[in-house]
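Data from entry-v1.txt: compact mmCIF, C-alpha atoms
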```txt
# COMPACT_ATOMS: atom_id res chain seq x y z
CA MET A 27 7.02 -21.35 -8.85
CA VAL A 28 7.55 -25.06 -9.13
CA GLU A 29 11.12 -25.96 -8.30
CA ARG A 30 11.06 -29.72 -8.56
CA ILE A 31 8.95 -31.88 -10.79
CA GLU A 32 7.88 -33.93 -7.75
CA ASP A 33 6.09 -30.86 -6.49
CA LEU A 34 3.46 -31.56 -9.12
CA ASN A 35 2.66 -35.05 -7.90
CA LEU A 36 -0.32 -35.45 -5.66
CA PRO A 37 0.38 -37.00 -2.26
CA ASN A 38 0.23 -40.80 -2.37
CA ALA A 39 -1.42 -41.18 1.00
CA VAL A 40 -4.35 -39.00 0.00
CA ILE A 41 -4.69 -40.74 -3.37
CA THR A 42 -4.76 -44.13 -1.68
CA ARG A 43 -7.39 -42.98 0.80
CA LEU A 44 -9.60 -41.55 -1.94
CA ILE A 45 -9.33 -44.74 -3.97
CA LYS A 46 -10.07 -47.00 -1.00
CA ASP A 47 -13.06 -44.88 0.00
CA ALA A 48 -14.51 -45.35 -3.47
CA LEU A 49 -14.08 -49.14 -3.48
CA PRO A 50 -16.00 -51.85 -1.63
CA ASP A 51 -14.51 -53.22 1.59
CA GLY A 52 -11.61 -55.60 1.13
CA ALA A 53 -10.62 -54.15 -2.23
CA SER A 54 -7.20 -52.60 -2.64
CA VAL A 55 -4.95 -51.10 -5.26
CA SER A 56 -1.49 -52.05 -6.47
CA LYS A 57 1.37 -49.55 -6.44
CA GLU A 58 1.50 -49.32 -10.24
CA ALA A 59 -2.24 -48.86 -10.53
CA ARG A 60 -2.16 -46.13 -7.91
CA ALA A 61 0.66 -44.37 -9.75
CA SER A 62 -1.39 -44.61 -12.92
CA ILE A 63 -4.48 -43.12 -11.29
CA ALA A 64 -2.38 -40.37 -9.67
CA ARG A 65 -0.86 -39.46 -13.01
CA ALA A 66 -4.28 -39.47 -14.64
CA ALA A 67 -5.48 -37.14 -11.88
CA SER A 68 -2.67 -34.65 -12.52
CA VAL A 69 -3.32 -34.76 -16.25
CA PHE A 70 -7.01 -34.25 -15.57
CA ALA A 71 -6.24 -31.11 -13.51
CA ILE A 72 -4.14 -29.67 -16.34
CA PHE A 73 -6.75 -30.64 -18.91
CA VAL A 74 -9.58 -28.95 -17.00
CA THR A 75 -7.45 -25.86 -16.39
CA SER A 76 -6.43 -25.37 -20.00
CA THR A 77 -9.97 -25.94 -21.24
CA SER A 78 -11.23 -23.39 -18.71
CA THR A 79 -8.61 -20.81 -19.68
CA ALA A 80 -9.61 -21.22 -23.31
CA LEU A 81 -13.24 -20.78 -22.33
CA ALA A 82 -12.55 -17.68 -20.21
CA HIS A 83 -10.38 -16.25 -22.94
CA LYS A 84 -13.20 -16.63 -25.45
CA GLN A 85 -15.48 -14.63 -23.16
CA ASN A 86 -12.77 -12.00 -22.60
CA HIS A 87 -12.39 -12.89 -18.94
CA LYS A 88 -8.95 -12.85 -17.40
CA THR A 89 -9.80 -14.53 -14.13
CA ILE A 90 -10.91 -18.15 -14.06
CA THR A 91 -13.91 -18.63 -11.79
CA ALA A 92 -15.68 -21.62 -10.31
CA LYS A 93 -18.43 -21.10 -12.89
CA ASP A 94 -15.87 -21.54 -15.68
CA ILE A 95 -14.75 -24.80 -14.12
CA LEU A 96 -18.31 -26.11 -13.88
CA GLU A 97 -19.02 -25.15 -17.47
CA THR A 98 -15.82 -26.83 -18.59
CA LEU A 99 -16.70 -30.03 -16.76
CA SER A 100 -20.07 -30.31 -18.47
CA LYS A 101 -18.43 -29.58 -21.80
CA LEU A 102 -15.91 -32.37 -21.22
CA ASP A 103 -18.57 -34.99 -20.41
CA PHE A 104 -18.09 -34.88 -16.66
CA GLU A 105 -21.62 -33.62 -15.94
CA SER A 106 -21.96 -36.26 -13.28
CA PHE A 107 -19.47 -34.34 -11.10
CA ILE A 108 -21.52 -31.17 -11.07
CA PRO A 109 -24.22 -31.82 -8.43
CA SER A 110 -21.75 -32.93 -5.79
CA LEU A 111 -19.29 -30.23 -6.80
CA SER A 112 -21.90 -27.49 -6.50
CA GLN A 113 -22.68 -28.66 -2.99
CA ASP A 114 -19.01 -28.61 -2.05
CA LEU A 115 -18.66 -25.12 -3.48
CA GLU A 116 -21.57 -23.94 -1.39
CA ALA A 117 -19.92 -25.39 1.71
CA TYR A 118 -16.66 -23.73 0.72
CA ARG A 119 -18.33 -20.33 0.26
CA LYS A 120 -20.01 -20.66 3.61
CA MET A 121 -16.69 -21.52 5.25
CA VAL A 122 -14.96 -18.52 3.69
CA LYS A 123 -17.82 -16.29 4.79
CA ASP A 124 -17.74 -17.63 8.34
CA LYS A 125 -14.01 -17.07 8.48
CA LYS A 126 -14.40 -13.50 7.36
CA GLU A 127 -17.13 -12.89 9.86
CA SER A 128 -15.16 -14.30 12.76
CA LYS A 129 -12.19 -12.22 11.69
CA ALA A 130 -14.36 -9.14 11.51
CA SER A 131 -15.85 -9.77 14.94
CA LYS A 132 -12.37 -10.19 16.38
CA LYS A 133 -11.38 -6.88 14.89
CA ASP A 134 -14.50 -5.31 16.31
CA ALA A 135 -13.57 -6.47 19.76
CA ASN A 136 -10.09 -5.02 19.45
CA MET A 137 -10.96 -1.61 18.08
CA PRO A 138 -14.45 -0.25 18.65
CA SER A 139 -16.07 2.93 17.23
CA ASN A 140 -15.41 3.91 13.60
CA ALA A 141 -13.38 0.87 12.64
CA GLU A 142 -16.27 -1.35 13.61
CA ASP A 143 -18.56 0.21 11.04
CA ALA A 144 -15.97 -0.08 8.32
CA THR A 145 -15.40 -3.79 8.87
CA THR A 146 -19.08 -4.66 9.02
CA ILE A 147 -19.70 -2.84 5.76
CA LYS A 148 -16.85 -4.73 4.22
CA ALA A 149 -18.23 -8.03 5.46
CA THR A 150 -21.69 -7.38 4.07
CA ASN A 151 -20.22 -6.31 0.76
CA ASN A 152 -18.31 -9.54 0.54
CA GLU A 153 -21.40 -11.48 1.38
CA SER A 154 -23.36 -10.00 -1.45
CA ALA A 155 -20.44 -10.50 -3.79
CA ASN A 156 -20.32 -14.17 -2.89
CA GLU A 157 -23.97 -14.61 -3.53
CA MET B 199 -23.67 -40.58 -23.21
CA ALA B 200 -22.61 -43.88 -21.79
CA SER B 201 -19.92 -42.24 -19.70
CA GLU B 202 -22.52 -40.53 -17.55
CA GLU B 203 -23.76 -43.82 -16.28
CA LEU B 204 -20.25 -45.09 -15.83
CA PHE B 205 -19.35 -42.21 -13.57
CA PRO B 206 -22.02 -42.01 -10.90
CA ASN B 207 -21.02 -39.84 -7.97
CA ASP B 208 -23.44 -39.78 -5.11
CA HIS B 209 -21.08 -41.30 -2.60
CA THR B 210 -19.55 -38.21 -1.06
CA GLU B 211 -22.82 -37.03 0.31
CA GLU B 212 -23.61 -40.34 1.87
CA LEU B 213 -20.22 -40.42 3.53
CA ASP B 214 -20.81 -37.03 5.09
CA LEU B 215 -24.16 -38.16 6.37
CA GLU B 216 -22.57 -41.23 7.86
CA GLN B 217 -19.96 -39.13 9.59
CA GLU B 218 -22.61 -36.88 11.04
CA LEU B 219 -24.56 -39.87 12.29
CA ASN B 220 -21.43 -41.24 13.89
CA GLU B 221 -20.81 -37.97 15.64
CA ILE B 222 -24.34 -37.94 16.96
CA ALA B 223 -23.90 -41.51 18.13
CA ASP B 224 -20.64 -40.59 19.83
CA LYS B 225 -22.28 -37.81 21.72
CA SER B 226 -25.19 -39.92 22.90
CA THR B 227 -22.89 -42.68 24.12
CA GLU B 228 -20.92 -40.05 25.93
CA GLU B 229 -23.94 -38.81 27.80
CA THR B 230 -25.39 -42.09 28.99
CA PRO B 231 -22.57 -43.21 31.32
CA HIS B 232 -22.78 -39.85 33.06
CA GLU B 233 -26.34 -40.50 34.09
CA GLN B 234 -25.51 -43.95 35.37
CA GLY B 235 -22.90 -42.62 37.75
CA GLU B 236 -19.31 -41.63 37.35
CA LYS B 237 -17.81 -44.81 38.74
CA GLU B 238 -19.05 -46.74 35.77
CA ASN B 239 -17.04 -44.67 33.32
CA SER B 240 -15.31 -47.34 31.28
CA PRO B 241 -12.20 -46.60 29.19
CA ALA B 242 -14.35 -46.83 26.07
CA ALA B 243 -16.65 -44.10 27.30
CA ALA B 244 -13.66 -41.91 28.06
CA GLU B 245 -12.47 -42.43 24.51
CA ASP B 246 -15.84 -41.40 23.16
CA LYS B 247 -15.59 -38.26 25.20
CA SER B 248 -12.25 -37.26 23.74
CA VAL B 249 -13.61 -37.81 20.23
CA ALA B 250 -16.65 -35.72 20.99
CA THR B 251 -14.61 -32.85 22.40
CA LYS B 252 -12.49 -32.82 19.28
CA THR B 253 -15.39 -32.76 16.82
CA PRO B 254 -16.49 -29.13 17.29
CA ALA B 255 -14.40 -28.31 14.27
CA GLU B 256 -11.78 -25.63 14.40
CA PRO B 257 -11.56 -23.65 11.17
CA ALA B 258 -8.39 -25.39 9.99
CA GLU B 259 -9.86 -28.81 10.64
CA HIS B 260 -13.02 -27.87 8.80
CA GLU B 261 -11.08 -26.79 5.76
CA ALA B 262 -9.17 -30.05 5.73
CA LYS B 263 -12.45 -31.91 5.76
CA LEU B 264 -13.79 -29.98 2.78
CA CYS B 265 -10.97 -31.04 0.50
CA GLN B 266 -8.43 -33.76 1.10
CA LEU B 267 -6.04 -32.80 -1.68
CA PRO B 268 -3.55 -29.99 -1.00
CA ILE B 269 -4.95 -26.82 -2.55
CA ALA B 270 -1.50 -25.26 -3.01
CA ARG B 271 -0.33 -28.16 -5.10
CA ILE B 272 -3.43 -28.05 -7.28
CA ARG B 273 -2.72 -24.36 -7.82
CA ASN B 274 0.85 -25.19 -8.86
CA ILE B 275 -0.41 -27.75 -11.36
CA MET B 276 -2.85 -25.19 -12.76
CA LYS B 277 -0.05 -22.67 -13.10
CA LEU B 278 1.60 -24.98 -15.61
CA ASP B 279 -0.83 -23.54 -18.13
CA PRO B 280 0.99 -20.57 -19.67
CA ASP B 281 -2.31 -18.95 -20.71
CA LEU B 282 -3.64 -18.86 -17.17
CA HIS B 283 -3.61 -15.32 -15.82
CA VAL B 284 -5.51 -15.50 -12.56
CA ALA B 285 -7.61 -18.22 -11.02
CA SER B 286 -9.97 -17.36 -8.18
CA ASN B 287 -9.64 -19.31 -4.93
CA GLU B 288 -13.04 -20.80 -5.63
CA ALA B 289 -11.89 -22.00 -9.05
CA VAL B 290 -8.85 -23.72 -7.52
CA PHE B 291 -11.07 -25.33 -4.91
CA ALA B 292 -13.44 -26.48 -7.66
CA VAL B 293 -10.58 -28.08 -9.59
CA ALA B 294 -9.26 -29.79 -6.45
CA LYS B 295 -12.69 -31.19 -5.71
CA ALA B 296 -13.18 -32.26 -9.33
CA VAL B 297 -9.86 -34.10 -9.19
CA GLU B 298 -11.04 -35.92 -6.06
CA LEU B 299 -14.24 -36.97 -7.83
CA PHE B 300 -12.17 -37.98 -10.84
CA ILE B 301 -9.92 -40.23 -8.75
CA GLU B 302 -12.93 -41.89 -7.13
CA SER B 303 -14.69 -42.49 -10.46
CA LEU B 304 -11.60 -43.82 -12.16
CA ALA B 305 -11.01 -46.15 -9.21
CA ARG B 306 -14.57 -47.46 -9.35
CA GLU B 307 -14.41 -47.82 -13.11
CA SER B 308 -11.11 -49.69 -12.90
CA TYR B 309 -12.46 -51.93 -10.18
CA THR B 310 -15.17 -53.29 -12.48
CA TYR B 311 -12.37 -54.89 -14.51
CA THR B 312 -10.68 -56.11 -11.35
CA ALA B 313 -13.91 -57.73 -10.23
CA GLN B 314 -14.45 -59.25 -13.68
CA ALA B 315 -11.09 -60.98 -13.33
CA LYS B 316 -12.26 -62.21 -9.88
CA LYS B 317 -9.51 -60.24 -8.13
CA LYS B 318 -9.55 -57.82 -5.21
CA THR B 319 -6.55 -55.65 -6.00
CA ILE B 320 -6.67 -53.16 -8.84
CA GLN B 321 -3.77 -53.70 -11.26
CA LYS B 322 -2.40 -51.23 -13.77
CA ARG B 323 -4.06 -53.30 -16.50
CA ASP B 324 -7.50 -52.55 -15.02
CA VAL B 325 -6.82 -48.81 -15.04
CA ASP B 326 -5.65 -48.98 -18.67
CA LEU B 327 -8.78 -50.92 -19.64
CA ALA B 328 -11.00 -48.39 -17.89
CA ILE B 329 -9.29 -45.48 -19.63
CA SER B 330 -9.68 -46.99 -23.08
CA ALA B 331 -13.31 -47.99 -22.46
CA VAL B 332 -14.69 -44.60 -21.35
CA ASP B 333 -15.11 -41.87 -23.98
CA SER B 334 -14.60 -38.95 -21.63
CA LEU B 335 -11.19 -40.36 -20.66
CA MET B 336 -9.89 -40.14 -24.21
CA PHE B 337 -7.75 -37.18 -23.22
CA LEU B 338 -5.54 -39.49 -21.19
CA ASP B 339 -4.49 -41.45 -24.25
CA GLY B 340 -0.82 -40.81 -24.83
CA ALA B 341 -0.43 -38.84 -21.61
CA MET B 342 0.07 -41.96 -19.59
CA ASN B 343 3.21 -43.43 -21.13
CA PHE B 344 6.24 -41.34 -20.38
```
Final structure tokens representation of the file:
Amino acid sequence: MVERIEDLNLPNAVITRLIKDALPDGASVSKEARASIARAASVFAIFVTSTSTALAHKQNHKTITAKDILETLSKLDFESFIPSLSQDLEAYRKMVKDKKESKASKKDANMPSNAEDATTIKATNNESANE
Amino acid sequence: MASEELFPNDHTEELDLEQELNEIADKSTEETPHEQGEKENSPAAAEDKSVATKTPAEPAEHEAKLCQLPIARIRNIMKLDPDLHVASNEAVFAVAKAVELFIESLARESYTYTAQAKKKTIQKRDVDLAISAVDSLMFLDGAMNF
């Protein structure tokens, strides 16, 4: 759980980097403006989450999925985020898959025979689930 | 909606492409001094080499590249919602990424007001103006002053 309220703030260094990357060269951001944008970002996260939970609840889902988030974003007039976000999600899925595969192959190396079959089946199952 | 045009977001992809190109460039500059003979290895070439050897991304590094914001903290923020039962890892990642895009768009939007005032540094005033001008940012009204 969250113990201190500061634990909910996003790291300043990352916020500054994201802002500067979005701006033309030579542009910068004042401390107050950065704090404002950071606060807006936290509020945005809560806003998206609560809208998604409401959406999932309506469809009798208990678990919030990436699809719920995408649907929520288009509902909230942030459609412009979706193409880039879908790409990032694809990259994320691929990374998770690769990780699982490398883990599985490590396991295979350690314990051959029956265990090998079990892990490969698991890996393929996960693959199809991800797709 | 007007807000769609105000929030264009094709920059991330371009950045990635740029990075890739840089990596390719790094590697090619690394290879040329080798062919010319080892004595000619300048300090700059050696630097290129160290960059190139680092780039074959380890898993942890790769993950950091995918999302700059800390995933755990995003999850904590999401947990503030009392109605949230479970959120999949993918959903948390999606929110984190959406927040990144949000920060970039809000920064760009704010900067239009900075530029209008012929300034280079975004002030709080510019952010406030951006928030009140864009319809999809209505939800921030009242959440910003406490």
With the cut-off set at 6 Å and counting all atoms listed in the file, tabulate each residue of chain A with an atom at most that distance from an atom of chain B, showing the nearest atom pair and its distance in Å to one decimal, ordered by chain and increasing number, as a Markdown table.
```
| residue | atom | partner | partner_atom | distance |
| --- | --- | --- | --- | --- |
| A:Leu34 | CA | B:Ile275 | CA | 5.9 |
| A:Ile45 | CA | B:Glu302 | CA | 5.6 |
| A:Ala48 | CA | B:Glu302 | CA | 5.3 |
| A:Ala53 | CA | B:Lys318 | CA | 4.8 |
| A:Ser54 | CA | B:Thr319 | CA | 4.6 |
| A:Val55 | CA | B:Ile320 | CA | 4.5 |
| A:Ser56 | CA | B:Gln321 | CA | 5.6 |
| A:Glu58 | CA | B:Lys322 | CA | 5.6 |
| A:Ala59 | CA | B:Lys322 | CA | 4.0 |
| A:Ala67 | CA | B:Val297 | CA | 6.0 |
| A:Ile72 | CA | B:Met276 | CA | 5.9 |
| A:Thr75 | CA | B:Met276 | CA | 5.9 |
| A:Thr79 | CA | B:Leu282 | CA | 5.9 |
| A:Thr89 | CA | B:Val284 | CA | 4.7 |
| A:Ile90 | CA | B:Ala285 | CA | 4.5 |
| A:Thr91 | CA | B:Ala289 | CA | 4.8 |
| A:Ala92 | CA | B:Ala289 | CA | 4.0 |
| A:Asp103 | CA | B:Ser334 | CA | 5.7 |
```
Legend entry - Coordinates-based distance that separates CA of Phe70 in chain A from CA of Leu102 in chain A (Å, one decimal):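 Separation of CA of Leu102 in chain A and CA of Phe70 in chain A: 10.7 Å.
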Legend entry - Å distance separating CA of Lys93 in chain A from CA of Glu116 in chain A, one decimal place: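 If I compute the distance from CA of Lys93 in chain A to CA of Glu116 in chain A, I get 12.3 Å.
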Legend entry - Atom-to-atom span, CA of Ala270 in chain B and CA of Ser106 in chain A, Å: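 Calculated distance between CA of Ala270 in chain B and CA of Ser106 in chain A is 25.4 Å.
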Legend entry - Selected residue of minimal separation from Pro37 in chain A among B:Gly340, B:Lys263, B:Ile269, B:Ser330, counting all atoms listed in the file: B:Ile269
Fill-in result for range 272-296 of chain B, N, CA and C atoms as a CSV table (one decimal), in the coordinates of the input:
```csv
chain,number,residue,atom,x,y,z
B,272,ILE,N,-2.5,-28.2,-6.1
B,272,ILE,CA,-3.4,-28.0,-7.3
B,272,ILE,C,-3.2,-26.7,-8.0
B,273,ARG,N,-3.0,-25.7,-7.2
B,273,ARG,CA,-2.7,-24.4,-7.8
B,273,ARG,C,-1.4,-24.4,-8.7
B,274,ASN,N,-0.4,-25.1,-8.1
B,274,ASN,CA,0.8,-25.2,-8.9
B,274,ASN,C,0.6,-25.9,-10.2
B,275,ILE,N,-0.1,-27.0,-10.1
B,275,ILE,CA,-0.4,-27.8,-11.4
B,275,ILE,C,-1.1,-26.8,-12.4
B,276,MET,N,-2.1,-26.1,-11.9
B,276,MET,CA,-2.8,-25.2,-12.8
B,276,MET,C,-2.0,-24.1,-13.4
B,277,LYS,N,-0.9,-23.7,-12.6
B,277,LYS,CA,0.0,-22.7,-13.1
B,277,LYS,C,0.8,-23.1,-14.3
B,278,LEU,N,0.8,-24.5,-14.5
B,278,LEU,CA,1.6,-25.0,-15.6
B,278,LEU,C,1.0,-24.4,-16.9
B,279,ASP,N,-0.2,-24.1,-16.9
B,279,ASP,CA,-0.8,-23.5,-18.1
B,279,ASP,C,-0.3,-22.1,-18.4
B,280,PRO,N,0.4,-21.9,-19.4
B,280,PRO,CA,1.0,-20.6,-19.7
B,280,PRO,C,-0.1,-19.5,-20.0
B,281,ASP,N,-1.3,-19.9,-20.4
B,281,ASP,CA,-2.3,-19.0,-20.7
B,281,ASP,C,-3.1,-18.5,-19.5
B,282,LEU,N,-2.9,-19.2,-18.4
B,282,LEU,CA,-3.6,-18.9,-17.2
B,282,LEU,C,-3.1,-17.6,-16.6
B,283,HIS,N,-4.0,-16.6,-16.5
B,283,HIS,CA,-3.6,-15.3,-15.8
B,283,HIS,C,-3.9,-15.4,-14.3
B,284,VAL,N,-5.1,-15.4,-14.0
B,284,VAL,CA,-5.5,-15.5,-12.6
B,284,VAL,C,-6.6,-16.5,-12.4
B,285,ALA,N,-6.5,-17.3,-11.3
B,285,ALA,CA,-7.6,-18.2,-11.0
B,285,ALA,C,-8.1,-17.9,-9.6
B,286,SER,N,-9.4,-17.7,-9.5
B,286,SER,CA,-10.0,-17.4,-8.2
B,286,SER,C,-9.8,-18.5,-7.2
B,287,ASN,N,-9.8,-18.2,-5.9
B,287,ASN,CA,-9.6,-19.3,-4.9
B,287,ASN,C,-10.7,-20.4,-5.1
B,288,GLU,N,-11.9,-19.9,-5.4
B,288,GLU,CA,-13.0,-20.8,-5.6
B,288,GLU,C,-12.8,-21.7,-6.8
B,289,ALA,N,-12.2,-21.2,-7.9
B,289,ALA,CA,-11.9,-22.0,-9.0
B,289,ALA,C,-10.9,-23.1,-8.7
B,290,VAL,N,-9.9,-22.7,-7.9
B,290,VAL,CA,-8.8,-23.7,-7.5
B,290,VAL,C,-9.5,-24.8,-6.7
B,291,PHE,N,-10.4,-24.4,-5.7
B,291,PHE,CA,-11.1,-25.3,-4.9
B,291,PHE,C,-11.9,-26.3,-5.8
B,292,ALA,N,-12.6,-25.7,-6.8
B,292,ALA,CA,-13.4,-26.5,-7.7
B,292,ALA,C,-12.6,-27.5,-8.4
B,293,VAL,N,-11.4,-27.1,-8.9
B,293,VAL,CA,-10.6,-28.1,-9.6
B,293,VAL,C,-10.1,-29.2,-8.6
B,294,ALA,N,-9.7,-28.8,-7.4
B,294,ALA,CA,-9.3,-29.8,-6.4
B,294,ALA,C,-10.4,-30.8,-6.2
B,295,LYS,N,-11.6,-30.3,-6.0
B,295,LYS,CA,-12.7,-31.2,-5.7
B,295,LYS,C,-13.0,-32.1,-6.9
B,296,ALA,N,-12.9,-31.5,-8.1
B,296,ALA,CA,-13.2,-32.3,-9.3
B,296,ALA,C,-12.2,-33.4,-9.5
```
